[in-house]
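Novice: My structure file upload_11.txt, compact mmCIF, N, CA and C atoms, is below:
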```txt
# COMPACT_ATOMS: atom_id res chain seq x y z
N MET K 1 -19.23 -9.62 -1.45
CA MET K 1 -17.82 -9.89 -1.21
C MET K 1 -17.01 -9.73 -2.49
N ALA K 2 -17.61 -10.05 -3.62
CA ALA K 2 -16.90 -9.92 -4.90
C ALA K 2 -16.50 -8.47 -5.15
N ALA K 3 -17.36 -7.53 -4.77
CA ALA K 3 -17.04 -6.11 -4.95
C ALA K 3 -15.84 -5.71 -4.09
N ALA K 4 -15.76 -6.25 -2.88
CA ALA K 4 -14.64 -5.94 -1.99
C ALA K 4 -13.33 -6.50 -2.55
N LEU K 5 -13.38 -7.71 -3.10
CA LEU K 5 -12.17 -8.30 -3.67
C LEU K 5 -11.74 -7.55 -4.93
N ARG K 6 -12.70 -7.14 -5.74
CA ARG K 6 -12.38 -6.36 -6.94
C ARG K 6 -11.75 -5.02 -6.54
N ALA K 7 -12.34 -4.36 -5.54
CA ALA K 7 -11.79 -3.10 -5.05
C ALA K 7 -10.39 -3.31 -4.48
N GLY K 8 -10.19 -4.40 -3.74
CA GLY K 8 -8.87 -4.70 -3.19
C GLY K 8 -7.83 -4.94 -4.27
N ALA K 9 -8.23 -5.64 -5.33
CA ALA K 9 -7.30 -5.89 -6.44
C ALA K 9 -6.92 -4.59 -7.14
N LEU K 10 -7.89 -3.72 -7.35
CA LEU K 10 -7.60 -2.42 -7.99
C LEU K 10 -6.73 -1.55 -7.09
N TYR K 11 -7.03 -1.58 -5.80
CA TYR K 11 -6.26 -0.81 -4.82
C TYR K 11 -4.81 -1.29 -4.82
N PHE K 12 -4.62 -2.60 -4.75
CA PHE K 12 -3.28 -3.16 -4.81
C PHE K 12 -2.56 -2.73 -6.09
N ALA K 13 -3.22 -2.91 -7.24
CA ALA K 13 -2.58 -2.64 -8.53
C ALA K 13 -2.14 -1.18 -8.63
N ALA K 14 -3.00 -0.27 -8.23
CA ALA K 14 -2.67 1.15 -8.32
C ALA K 14 -1.49 1.52 -7.43
N ILE K 15 -1.53 1.07 -6.19
CA ILE K 15 -0.47 1.45 -5.25
C ILE K 15 0.81 0.68 -5.52
N PHE K 16 0.70 -0.57 -5.95
CA PHE K 16 1.91 -1.33 -6.29
C PHE K 16 2.63 -0.68 -7.47
N ALA K 17 1.88 -0.25 -8.47
CA ALA K 17 2.50 0.41 -9.63
C ALA K 17 3.22 1.69 -9.20
N LEU K 18 2.55 2.50 -8.38
CA LEU K 18 3.18 3.72 -7.88
C LEU K 18 4.40 3.38 -7.02
N GLY K 19 4.25 2.40 -6.15
CA GLY K 19 5.36 1.98 -5.29
C GLY K 19 6.55 1.47 -6.07
N PHE K 20 6.27 0.76 -7.16
CA PHE K 20 7.36 0.27 -8.00
C PHE K 20 8.14 1.44 -8.59
N LEU K 21 7.42 2.43 -9.12
CA LEU K 21 8.08 3.61 -9.69
C LEU K 21 8.85 4.39 -8.62
N LEU K 22 8.22 4.62 -7.49
CA LEU K 22 8.90 5.33 -6.41
C LEU K 22 10.08 4.53 -5.86
N GLY K 23 9.95 3.21 -5.86
CA GLY K 23 11.05 2.36 -5.39
C GLY K 23 12.29 2.48 -6.27
N VAL K 24 12.06 2.62 -7.57
CA VAL K 24 13.19 2.80 -8.49
C VAL K 24 13.89 4.12 -8.18
N VAL K 25 13.10 5.19 -8.01
CA VAL K 25 13.68 6.50 -7.68
C VAL K 25 14.40 6.43 -6.33
N ARG K 26 13.74 5.79 -5.35
CA ARG K 26 14.35 5.68 -4.01
C ARG K 26 15.67 4.95 -4.07
N THR K 27 15.70 3.82 -4.77
CA THR K 27 16.89 2.99 -4.81
C THR K 27 18.02 3.61 -5.61
N LEU K 28 17.68 4.19 -6.75
CA LEU K 28 18.73 4.70 -7.65
C LEU K 28 19.15 6.14 -7.35
N ALA K 29 18.23 6.97 -6.89
CA ALA K 29 18.55 8.38 -6.71
C ALA K 29 18.67 8.81 -5.25
N LEU K 30 17.74 8.38 -4.42
CA LEU K 30 17.74 8.88 -3.04
C LEU K 30 18.66 8.12 -2.11
N ALA K 31 18.56 6.80 -2.10
CA ALA K 31 19.34 6.00 -1.14
C ALA K 31 20.85 6.25 -1.23
N PRO K 32 21.44 6.36 -2.42
CA PRO K 32 22.89 6.63 -2.44
C PRO K 32 23.26 7.99 -1.82
N ARG K 33 22.32 8.93 -1.82
CA ARG K 33 22.62 10.27 -1.31
C ARG K 33 22.29 10.44 0.18
N ILE K 34 21.15 9.87 0.59
CA ILE K 34 20.69 10.13 1.97
C ILE K 34 20.54 8.85 2.79
N GLY K 35 20.91 7.73 2.24
CA GLY K 35 20.82 6.46 2.96
C GLY K 35 19.46 5.82 2.78
N GLU K 36 19.42 4.53 3.07
CA GLU K 36 18.18 3.76 2.85
C GLU K 36 17.04 4.24 3.74
N THR K 37 17.32 4.49 5.02
CA THR K 37 16.26 4.93 5.92
C THR K 37 15.73 6.31 5.53
N GLY K 38 16.62 7.22 5.20
CA GLY K 38 16.20 8.55 4.74
C GLY K 38 15.38 8.48 3.47
N ALA K 39 15.77 7.60 2.57
CA ALA K 39 15.04 7.45 1.32
C ALA K 39 13.63 6.90 1.57
N VAL K 40 13.51 5.95 2.47
CA VAL K 40 12.19 5.40 2.81
C VAL K 40 11.35 6.49 3.48
N LEU K 41 11.96 7.27 4.36
CA LEU K 41 11.23 8.36 5.01
C LEU K 41 10.76 9.41 4.01
N ALA K 42 11.51 9.60 2.93
CA ALA K 42 11.09 10.55 1.89
C ALA K 42 9.96 9.97 1.05
N GLU K 43 10.01 8.67 0.79
CA GLU K 43 9.01 8.02 -0.06
C GLU K 43 7.69 7.77 0.67
N LEU K 44 7.76 7.45 1.93
CA LEU K 44 6.59 7.00 2.69
C LEU K 44 5.41 7.98 2.68
N PRO K 45 5.61 9.27 2.90
CA PRO K 45 4.45 10.17 2.87
C PRO K 45 3.75 10.21 1.51
N VAL K 46 4.50 10.09 0.45
CA VAL K 46 3.92 10.11 -0.89
C VAL K 46 3.06 8.88 -1.12
N ILE K 47 3.60 7.72 -0.81
CA ILE K 47 2.86 6.48 -1.03
C ILE K 47 1.67 6.37 -0.08
N LEU K 48 1.81 6.85 1.14
CA LEU K 48 0.68 6.80 2.07
C LEU K 48 -0.42 7.78 1.67
N ALA K 49 -0.06 8.95 1.18
CA ALA K 49 -1.07 9.90 0.70
C ALA K 49 -1.83 9.32 -0.49
N ALA K 50 -1.11 8.70 -1.41
CA ALA K 50 -1.76 8.07 -2.56
C ALA K 50 -2.65 6.92 -2.11
N SER K 51 -2.19 6.15 -1.12
CA SER K 51 -2.98 5.04 -0.60
C SER K 51 -4.26 5.55 0.06
N TRP K 52 -4.14 6.61 0.84
CA TRP K 52 -5.30 7.18 1.51
C TRP K 52 -6.35 7.63 0.49
N PHE K 53 -5.90 8.32 -0.55
CA PHE K 53 -6.81 8.79 -1.59
C PHE K 53 -7.44 7.62 -2.33
N ALA K 54 -6.61 6.66 -2.76
CA ALA K 54 -7.11 5.51 -3.53
C ALA K 54 -8.06 4.65 -2.69
N ALA K 55 -7.74 4.48 -1.41
CA ALA K 55 -8.61 3.67 -0.54
C ALA K 55 -9.99 4.29 -0.44
N GLY K 56 -10.04 5.59 -0.27
CA GLY K 56 -11.33 6.26 -0.17
C GLY K 56 -12.12 6.17 -1.46
N ARG K 57 -11.43 6.38 -2.55
CA ARG K 57 -12.10 6.34 -3.87
C ARG K 57 -12.61 4.95 -4.19
N LEU K 58 -11.78 3.95 -3.99
CA LEU K 58 -12.14 2.58 -4.37
C LEU K 58 -13.10 1.91 -3.39
N ALA K 59 -13.10 2.35 -2.14
CA ALA K 59 -14.00 1.77 -1.15
C ALA K 59 -15.37 2.42 -1.16
N ARG K 60 -15.50 3.55 -1.81
CA ARG K 60 -16.78 4.27 -1.81
C ARG K 60 -17.95 3.40 -2.24
N PRO K 61 -17.83 2.61 -3.33
CA PRO K 61 -18.97 1.77 -3.73
C PRO K 61 -19.33 0.68 -2.72
N LEU K 62 -18.46 0.40 -1.78
CA LEU K 62 -18.73 -0.64 -0.79
C LEU K 62 -19.68 -0.15 0.30
N GLY K 63 -19.91 1.14 0.34
CA GLY K 63 -20.82 1.69 1.34
C GLY K 63 -20.17 1.86 2.69
N ARG K 64 -21.00 1.99 3.70
CA ARG K 64 -20.49 2.27 5.04
C ARG K 64 -20.15 1.03 5.85
N ALA K 65 -20.55 -0.14 5.37
CA ALA K 65 -20.30 -1.38 6.12
C ALA K 65 -18.80 -1.61 6.28
N LEU K 66 -18.40 -1.99 7.46
CA LEU K 66 -16.97 -2.17 7.76
C LEU K 66 -16.41 -3.48 7.20
N ARG K 67 -17.18 -4.54 7.23
CA ARG K 67 -16.67 -5.85 6.81
C ARG K 67 -16.12 -5.85 5.37
N PRO K 68 -16.82 -5.30 4.37
CA PRO K 68 -16.25 -5.30 3.02
C PRO K 68 -15.01 -4.41 2.90
N ARG K 69 -14.95 -3.37 3.69
CA ARG K 69 -13.77 -2.49 3.67
C ARG K 69 -12.55 -3.21 4.27
N ILE K 70 -12.79 -3.98 5.32
CA ILE K 70 -11.71 -4.78 5.90
C ILE K 70 -11.26 -5.84 4.90
N ALA K 71 -12.22 -6.47 4.24
CA ALA K 71 -11.88 -7.48 3.22
C ALA K 71 -11.08 -6.87 2.09
N MET K 72 -11.45 -5.67 1.67
CA MET K 72 -10.72 -4.98 0.61
C MET K 72 -9.26 -4.77 1.02
N GLY K 73 -9.04 -4.24 2.22
CA GLY K 73 -7.68 -3.98 2.68
C GLY K 73 -6.89 -5.25 2.89
N ALA K 74 -7.53 -6.28 3.44
CA ALA K 74 -6.84 -7.55 3.68
C ALA K 74 -6.44 -8.21 2.37
N PHE K 75 -7.34 -8.18 1.38
CA PHE K 75 -7.03 -8.78 0.09
C PHE K 75 -5.91 -8.01 -0.61
N ALA K 76 -5.97 -6.68 -0.56
CA ALA K 76 -4.92 -5.87 -1.16
C ALA K 76 -3.57 -6.15 -0.49
N PHE K 77 -3.58 -6.29 0.84
CA PHE K 77 -2.35 -6.59 1.57
C PHE K 77 -1.81 -7.97 1.19
N ALA K 78 -2.69 -8.96 1.08
CA ALA K 78 -2.26 -10.31 0.67
C ALA K 78 -1.64 -10.28 -0.72
N LEU K 79 -2.25 -9.55 -1.63
CA LEU K 79 -1.68 -9.42 -2.99
C LEU K 79 -0.33 -8.71 -2.94
N LEU K 80 -0.22 -7.68 -2.11
CA LEU K 80 1.03 -6.96 -1.97
C LEU K 80 2.14 -7.86 -1.44
N MET K 81 1.84 -8.64 -0.41
CA MET K 81 2.85 -9.54 0.14
C MET K 81 3.25 -10.60 -0.88
N ALA K 82 2.29 -11.15 -1.61
CA ALA K 82 2.60 -12.14 -2.64
C ALA K 82 3.48 -11.53 -3.73
N ALA K 83 3.17 -10.31 -4.13
CA ALA K 83 3.97 -9.65 -5.16
C ALA K 83 5.38 -9.35 -4.65
N GLU K 84 5.48 -8.90 -3.41
CA GLU K 84 6.81 -8.60 -2.85
C GLU K 84 7.67 -9.86 -2.74
N VAL K 85 7.06 -10.95 -2.29
CA VAL K 85 7.80 -12.21 -2.17
C VAL K 85 8.20 -12.69 -3.56
N GLY K 86 7.26 -12.69 -4.49
CA GLY K 86 7.56 -13.14 -5.85
C GLY K 86 8.62 -12.30 -6.52
N LEU K 87 8.52 -10.99 -6.40
CA LEU K 87 9.51 -10.10 -7.01
C LEU K 87 10.86 -10.26 -6.34
N GLY K 88 10.86 -10.38 -5.02
CA GLY K 88 12.11 -10.57 -4.29
C GLY K 88 12.80 -11.86 -4.70
N MET K 89 12.03 -12.93 -4.82
CA MET K 89 12.62 -14.21 -5.23
C MET K 89 13.12 -14.16 -6.67
N ALA K 90 12.38 -13.48 -7.53
CA ALA K 90 12.79 -13.35 -8.93
C ALA K 90 14.10 -12.57 -9.05
N LEU K 91 14.31 -11.64 -8.14
CA LEU K 91 15.53 -10.84 -8.15
C LEU K 91 16.64 -11.45 -7.30
N GLY K 92 16.36 -12.61 -6.73
CA GLY K 92 17.37 -13.31 -5.94
C GLY K 92 17.58 -12.77 -4.55
N ALA K 93 16.59 -12.05 -4.03
CA ALA K 93 16.70 -11.48 -2.69
C ALA K 93 15.88 -12.31 -1.70
N ALA K 94 16.28 -12.28 -0.45
CA ALA K 94 15.49 -12.92 0.60
C ALA K 94 14.33 -11.98 0.92
N PRO K 95 13.09 -12.40 0.70
CA PRO K 95 11.96 -11.48 0.78
C PRO K 95 11.80 -10.73 2.10
N PHE K 96 12.10 -11.35 3.24
CA PHE K 96 11.84 -10.69 4.51
C PHE K 96 13.12 -10.32 5.26
N ALA K 97 14.25 -10.42 4.62
CA ALA K 97 15.52 -10.15 5.28
C ALA K 97 15.65 -8.70 5.73
N GLY K 98 15.10 -7.78 4.97
CA GLY K 98 15.24 -6.36 5.28
C GLY K 98 14.36 -5.86 6.40
N LEU K 99 13.44 -6.69 6.89
CA LEU K 99 12.52 -6.22 7.92
C LEU K 99 13.20 -5.91 9.24
N ALA K 100 14.38 -6.44 9.46
CA ALA K 100 15.10 -6.19 10.72
C ALA K 100 15.81 -4.84 10.72
N THR K 101 15.82 -4.15 9.58
CA THR K 101 16.47 -2.84 9.48
C THR K 101 15.44 -1.74 9.76
N PRO K 102 15.90 -0.55 10.12
CA PRO K 102 14.95 0.56 10.30
C PRO K 102 14.13 0.83 9.03
N ALA K 103 14.78 0.81 7.87
CA ALA K 103 14.07 1.06 6.62
C ALA K 103 13.02 -0.02 6.38
N GLY K 104 13.35 -1.26 6.66
CA GLY K 104 12.41 -2.36 6.49
C GLY K 104 11.22 -2.26 7.43
N ALA K 105 11.49 -1.88 8.68
CA ALA K 105 10.41 -1.72 9.66
C ALA K 105 9.48 -0.57 9.26
N LEU K 106 10.06 0.51 8.76
CA LEU K 106 9.23 1.63 8.28
C LEU K 106 8.38 1.19 7.09
N GLY K 107 8.98 0.43 6.19
CA GLY K 107 8.24 -0.06 5.03
C GLY K 107 7.08 -0.96 5.44
N LEU K 108 7.33 -1.84 6.39
CA LEU K 108 6.27 -2.73 6.87
C LEU K 108 5.16 -1.93 7.54
N ALA K 109 5.53 -0.92 8.33
CA ALA K 109 4.52 -0.07 8.96
C ALA K 109 3.66 0.61 7.90
N GLY K 110 4.29 1.08 6.84
CA GLY K 110 3.55 1.69 5.74
C GLY K 110 2.62 0.70 5.06
N GLN K 111 3.07 -0.54 4.90
CA GLN K 111 2.23 -1.56 4.28
C GLN K 111 1.03 -1.90 5.16
N LEU K 112 1.23 -1.91 6.46
CA LEU K 112 0.12 -2.18 7.37
C LEU K 112 -0.90 -1.03 7.35
N LEU K 113 -0.41 0.19 7.25
CA LEU K 113 -1.33 1.33 7.10
C LEU K 113 -2.09 1.23 5.78
N PHE K 114 -1.39 0.87 4.71
CA PHE K 114 -2.02 0.64 3.41
C PHE K 114 -3.18 -0.34 3.56
N ALA K 115 -2.98 -1.42 4.31
CA ALA K 115 -4.02 -2.42 4.51
C ALA K 115 -5.19 -1.87 5.33
N ALA K 116 -4.90 -0.99 6.28
CA ALA K 116 -5.93 -0.47 7.17
C ALA K 116 -6.73 0.68 6.57
N PHE K 117 -6.18 1.39 5.61
CA PHE K 117 -6.83 2.60 5.10
C PHE K 117 -8.25 2.37 4.58
N PRO K 118 -8.56 1.29 3.85
CA PRO K 118 -9.95 1.15 3.41
C PRO K 118 -10.95 1.11 4.57
N ALA K 119 -10.56 0.50 5.68
CA ALA K 119 -11.45 0.45 6.84
C ALA K 119 -11.48 1.78 7.59
N LEU K 120 -10.38 2.50 7.56
CA LEU K 120 -10.29 3.76 8.29
C LEU K 120 -10.96 4.93 7.58
N ARG K 121 -11.03 4.85 6.26
CA ARG K 121 -11.65 5.92 5.50
C ARG K 121 -13.14 5.94 5.75
N SER K 122 -13.64 7.07 6.15
CA SER K 122 -15.07 7.21 6.40
C SER K 122 -15.73 7.66 5.10
N PRO K 123 -16.66 6.87 4.58
CA PRO K 123 -17.30 7.29 3.33
C PRO K 123 -18.14 8.53 3.52
N ARG K 124 -18.17 9.34 2.51
CA ARG K 124 -18.98 10.57 2.56
C ARG K 124 -20.44 10.19 2.46
N ARG K 125 -21.21 10.94 3.17
CA ARG K 125 -22.67 10.73 3.05
C ARG K 125 -23.13 11.32 1.74
N SER K 126 -24.02 10.61 1.05
CA SER K 126 -24.53 11.09 -0.23
C SER K 126 -25.74 11.96 -0.02
```
Now, as a test, write the supplied structure out as structure tokens.

Specialist:
Amino acid sequence: MAAALRAGALYFAAIFALGFLLGVVRTLALAPRIGETGAVLAELPVILAASWFAAGRLARPLGRALRPRIAMGAFAFALLMAAEVGLGMALGAAPFAGLATPAGALGLAGQLLFAAFPALRSPRRS
């Protein structure tokens, strides 16, 4: 289980860092030009592709067993939610207020896929 939690922490850290950078670009450059929903739609394929790649790479040492892969994704998702709430509160925003918007719903769907990817990735046979 320790390996799954370590993999989940690394998965979270890698994708959160990328998401933070893409979020800055989305907020400052894309959203003013194409709207919040359009900006999320532009960002989502990039972050999901990176998540898919990272999930496969980081889950590989866990083997073919499903339980550690589910634990990896669940732990990464829990860390992501904690970081989002903490960052939102630090910036004075209501953490879940945006979920009622189309952009917020798309973001949440992407986060749920992020959580599922470690379990969905089929490890290569060695």

Novice: Find the spatial neighbours of stretch 27-41 of chain K, counting all atoms listed in the file, within a cut-off of 7 Å - ignore same-chain residues fewer than 2 positions away - and output them as a list of chain:residue names.

Specialist: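 Using all atoms listed in the file, the neighbours found are K:Leu22, K:Gly23, K:Val24, K:Val25, K:Glu43, K:Leu44, K:Pro45, K:Pro102, K:Ala103, K:Gly104, K:Gly107.
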
Novice: Using all atoms listed in the file, list the residues that have an atom at most 7 Å from (-1.5, -6.5, -3.3), coordinates as in the file, as a list in words.

Specialist: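 Residues close enough to count: Gly8, Ala9, Tyr11, Phe12, Ala13, Phe16, Phe75, Ala76, Phe77, Ala78, Leu79, Leu80, Met81, Ala82 and Ala83 of chain K.
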
Novice: Could you take the residues named above and write them with N, CA and C atoms, as a PDB file, in the coordinates of the input?

Specialist:
```
ATOM      1  N   GLY K   8     -10.190  -4.400  -3.740  1.00  0.00           N
ATOM      2  CA  GLY K   8      -8.870  -4.700  -3.190  1.00  0.00           C
ATOM      3  C   GLY K   8      -7.830  -4.940  -4.270  1.00  0.00           C
ATOM      4  N   ALA K   9      -8.230  -5.640  -5.330  1.00  0.00           N
ATOM      5  CA  ALA K   9      -7.300  -5.890  -6.440  1.00  0.00           C
ATOM      6  C   ALA K   9      -6.920  -4.590  -7.140  1.00  0.00           C
ATOM      7  N   TYR K  11      -7.030  -1.580  -5.800  1.00  0.00           N
ATOM      8  CA  TYR K  11      -6.260  -0.810  -4.820  1.00  0.00           C
ATOM      9  C   TYR K  11      -4.810  -1.290  -4.820  1.00  0.00           C
ATOM     10  N   PHE K  12      -4.620  -2.600  -4.750  1.00  0.00           N
ATOM     11  CA  PHE K  12      -3.280  -3.160  -4.810  1.00  0.00           C
ATOM     12  C   PHE K  12      -2.560  -2.730  -6.090  1.00  0.00           C
ATOM     13  N   ALA K  13      -3.220  -2.910  -7.240  1.00  0.00           N
ATOM     14  CA  ALA K  13      -2.580  -2.640  -8.530  1.00  0.00           C
ATOM     15  C   ALA K  13      -2.140  -1.180  -8.630  1.00  0.00           C
ATOM     16  N   PHE K  16       0.700  -0.570  -5.950  1.00  0.00           N
ATOM     17  CA  PHE K  16       1.910  -1.330  -6.290  1.00  0.00           C
ATOM     18  C   PHE K  16       2.630  -0.680  -7.470  1.00  0.00           C
ATOM     19  N   PHE K  75      -7.340  -8.180   1.380  1.00  0.00           N
ATOM     20  CA  PHE K  75      -7.030  -8.780   0.090  1.00  0.00           C
ATOM     21  C   PHE K  75      -5.910  -8.010  -0.610  1.00  0.00           C
ATOM     22  N   ALA K  76      -5.970  -6.680  -0.560  1.00  0.00           N
ATOM     23  CA  ALA K  76      -4.920  -5.870  -1.160  1.00  0.00           C
ATOM     24  C   ALA K  76      -3.570  -6.150  -0.490  1.00  0.00           C
ATOM     25  N   PHE K  77      -3.580  -6.290   0.840  1.00  0.00           N
ATOM     26  CA  PHE K  77      -2.350  -6.590   1.570  1.00  0.00           C
ATOM     27  C   PHE K  77      -1.810  -7.970   1.190  1.00  0.00           C
ATOM     28  N   ALA K  78      -2.690  -8.960   1.080  1.00  0.00           N
ATOM     29  CA  ALA K  78      -2.260 -10.310   0.670  1.00  0.00           C
ATOM     30  C   ALA K  78      -1.640 -10.280  -0.720  1.00  0.00           C
ATOM     31  N   LEU K  79      -2.250  -9.550  -1.630  1.00  0.00           N
ATOM     32  CA  LEU K  79      -1.680  -9.420  -2.990  1.00  0.00           C
ATOM     33  C   LEU K  79      -0.330  -8.710  -2.940  1.00  0.00           C
ATOM     34  N   LEU K  80      -0.220  -7.680  -2.110  1.00  0.00           N
ATOM     35  CA  LEU K  80       1.030  -6.960  -1.970  1.00  0.00           C
ATOM     36  C   LEU K  80       2.140  -7.860  -1.440  1.00  0.00           C
ATOM     37  N   MET K  81       1.840  -8.640  -0.410  1.00  0.00           N
ATOM     38  CA  MET K  81       2.850  -9.540   0.140  1.00  0.00           C
ATOM     39  C   MET K  81       3.250 -10.600  -0.880  1.00  0.00           C
ATOM     40  N   ALA K  82       2.290 -11.150  -1.610  1.00  0.00           N
ATOM     41  CA  ALA K  82       2.600 -12.140  -2.640  1.00  0.00           C
ATOM     42  C   ALA K  82       3.480 -11.530  -3.730  1.00  0.00           C
ATOM     43  N   ALA K  83       3.170 -10.310  -4.130  1.00  0.00           N
ATOM     44  CA  ALA K  83       3.970  -9.650  -5.160  1.00  0.00           C
ATOM     45  C   ALA K  83       5.380  -9.350  -4.650  1.00  0.00           C
TER      46      ALA K  83
END
```

Novice: Rounded to one decimal in Å, what is the spacing between atom N of K:Arg69 and atom CA of K:Phe117?

Specialist: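 If I compute the distance from atom N of K:Arg69 to atom CA of K:Phe117, I get 10.2 Å.
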
Novice: Let me make sure I understand: among K:Ala74, K:Ala90, K:Leu21, K:Ala14, which one has the smallest atom-to-atom distance to K:Leu113 if we use only C-alpha atoms?

Specialist: K:Ala74

Novice: Quick one: residues within 12 Å of K:Ala119, only C-alpha atoms, excluding same-chain residues fewer than 2 positions away - as number ranges by chain?

Specialist: K: 4, 8, 52, 55-56, 58-60, 62-74, 112-117, 121-123

Novice: For the atom pair atom CA of K:Ala54 and atom CA of K:Ala17, what is the interatomic distance in Å to one decimal place?

Specialist: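 Distance between the two atoms: 12.5 Å.
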
Novice: Could you check how far atom CA of K:Leu106 sits from atom CA of K:Ala49, in Å to one decimal?

Specialist: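 Interatomic distance, atom CA of K:Leu106 to atom CA of K:Ala49: 15.2 Å.
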
Novice: Considering all atoms listed in the file, can you say which of K:Pro61, K:Arg26, K:Leu10, K:Ser51 comes closest to K:Pro118?

Specialist: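 Under the stated criterion, the closest residue is K:Ser51.
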
Novice: Which of chain K end up as alpha helix (DSSP H) when DSSP is run on this backbone - answer as a VMD selection string?

Specialist: chain K and resid 2 to 25 31 to 59 66 to 90 102 to 120

Novice: Give me stretch 114-120 of chain K from this structure - all heavy atoms, as an mmCIF file, in the first residue's frame.

Specialist:
```
data_model
loop_
_atom_site.group_PDB
_atom_site.id
_atom_site.type_symbol
_atom_site.label_atom_id
_atom_site.label_comp_id
_atom_site.auth_asym_id
_atom_site.auth_seq_id
_atom_site.Cartn_x
_atom_site.Cartn_y
_atom_site.Cartn_z
ATOM 1 N N PHE K 114 -8.916 12.022 -14.019
ATOM 2 C CA PHE K 114 -7.571 11.992 -13.430
ATOM 3 C C PHE K 114 -7.505 10.917 -12.348
ATOM 4 O O PHE K 114 -6.559 10.123 -12.297
ATOM 5 C CB PHE K 114 -7.255 13.388 -12.866
ATOM 6 C CG PHE K 114 -6.192 13.427 -11.817
ATOM 7 C CD1 PHE K 114 -4.855 13.450 -12.167
ATOM 8 C CD2 PHE K 114 -6.524 13.474 -10.475
ATOM 9 C CE1 PHE K 114 -3.861 13.496 -11.189
ATOM 10 C CE2 PHE K 114 -5.553 13.536 -9.496
ATOM 11 C CZ PHE K 114 -4.203 13.551 -9.860
ATOM 12 N N ALA K 115 -8.512 10.846 -11.494
ATOM 13 C CA ALA K 115 -8.537 9.863 -10.416
ATOM 14 C C ALA K 115 -8.684 8.438 -10.953
ATOM 15 O O ALA K 115 -8.129 7.496 -10.383
ATOM 16 C CB ALA K 115 -9.680 10.172 -9.449
ATOM 17 N N ALA K 116 -9.410 8.274 -12.042
ATOM 18 C CA ALA K 116 -9.677 6.943 -12.585
ATOM 19 C C ALA K 116 -8.542 6.406 -13.457
ATOM 20 O O ALA K 116 -8.403 5.183 -13.608
ATOM 21 C CB ALA K 116 -10.970 6.976 -13.401
ATOM 22 N N PHE K 117 -7.723 7.268 -14.022
ATOM 23 C CA PHE K 117 -6.714 6.831 -14.983
ATOM 24 C C PHE K 117 -5.758 5.758 -14.454
ATOM 25 O O PHE K 117 -5.439 4.822 -15.194
ATOM 26 C CB PHE K 117 -5.926 8.016 -15.526
ATOM 27 C CG PHE K 117 -6.643 8.803 -16.602
ATOM 28 C CD1 PHE K 117 -6.141 10.011 -17.028
ATOM 29 C CD2 PHE K 117 -7.815 8.338 -17.189
ATOM 30 C CE1 PHE K 117 -6.778 10.744 -18.020
ATOM 31 C CE2 PHE K 117 -8.463 9.062 -18.168
ATOM 32 C CZ PHE K 117 -7.934 10.267 -18.600
ATOM 33 N N PRO K 118 -5.270 5.827 -13.213
ATOM 34 C CA PRO K 118 -4.371 4.746 -12.776
ATOM 35 C C PRO K 118 -5.029 3.363 -12.844
ATOM 36 O O PRO K 118 -4.371 2.378 -13.192
ATOM 37 C CB PRO K 118 -4.027 5.124 -11.329
ATOM 38 C CG PRO K 118 -4.153 6.609 -11.306
ATOM 39 C CD PRO K 118 -5.327 6.907 -12.220
ATOM 40 N N ALA K 119 -6.313 3.293 -12.541
ATOM 41 C CA ALA K 119 -7.010 2.005 -12.609
ATOM 42 C C ALA K 119 -7.326 1.609 -14.050
ATOM 43 O O ALA K 119 -7.358 0.433 -14.385
ATOM 44 C CB ALA K 119 -8.292 2.053 -11.785
ATOM 45 N N LEU K 120 -7.548 2.592 -14.897
ATOM 46 C CA LEU K 120 -7.920 2.315 -16.286
ATOM 47 C C LEU K 120 -6.733 1.942 -17.171
ATOM 48 O O LEU K 120 -6.914 1.267 -18.188
ATOM 49 C CB LEU K 120 -8.637 3.528 -16.887
ATOM 50 C CG LEU K 120 -9.985 3.867 -16.280
ATOM 51 C CD1 LEU K 120 -10.522 5.173 -16.877
ATOM 52 C CD2 LEU K 120 -10.967 2.735 -16.466
#
```
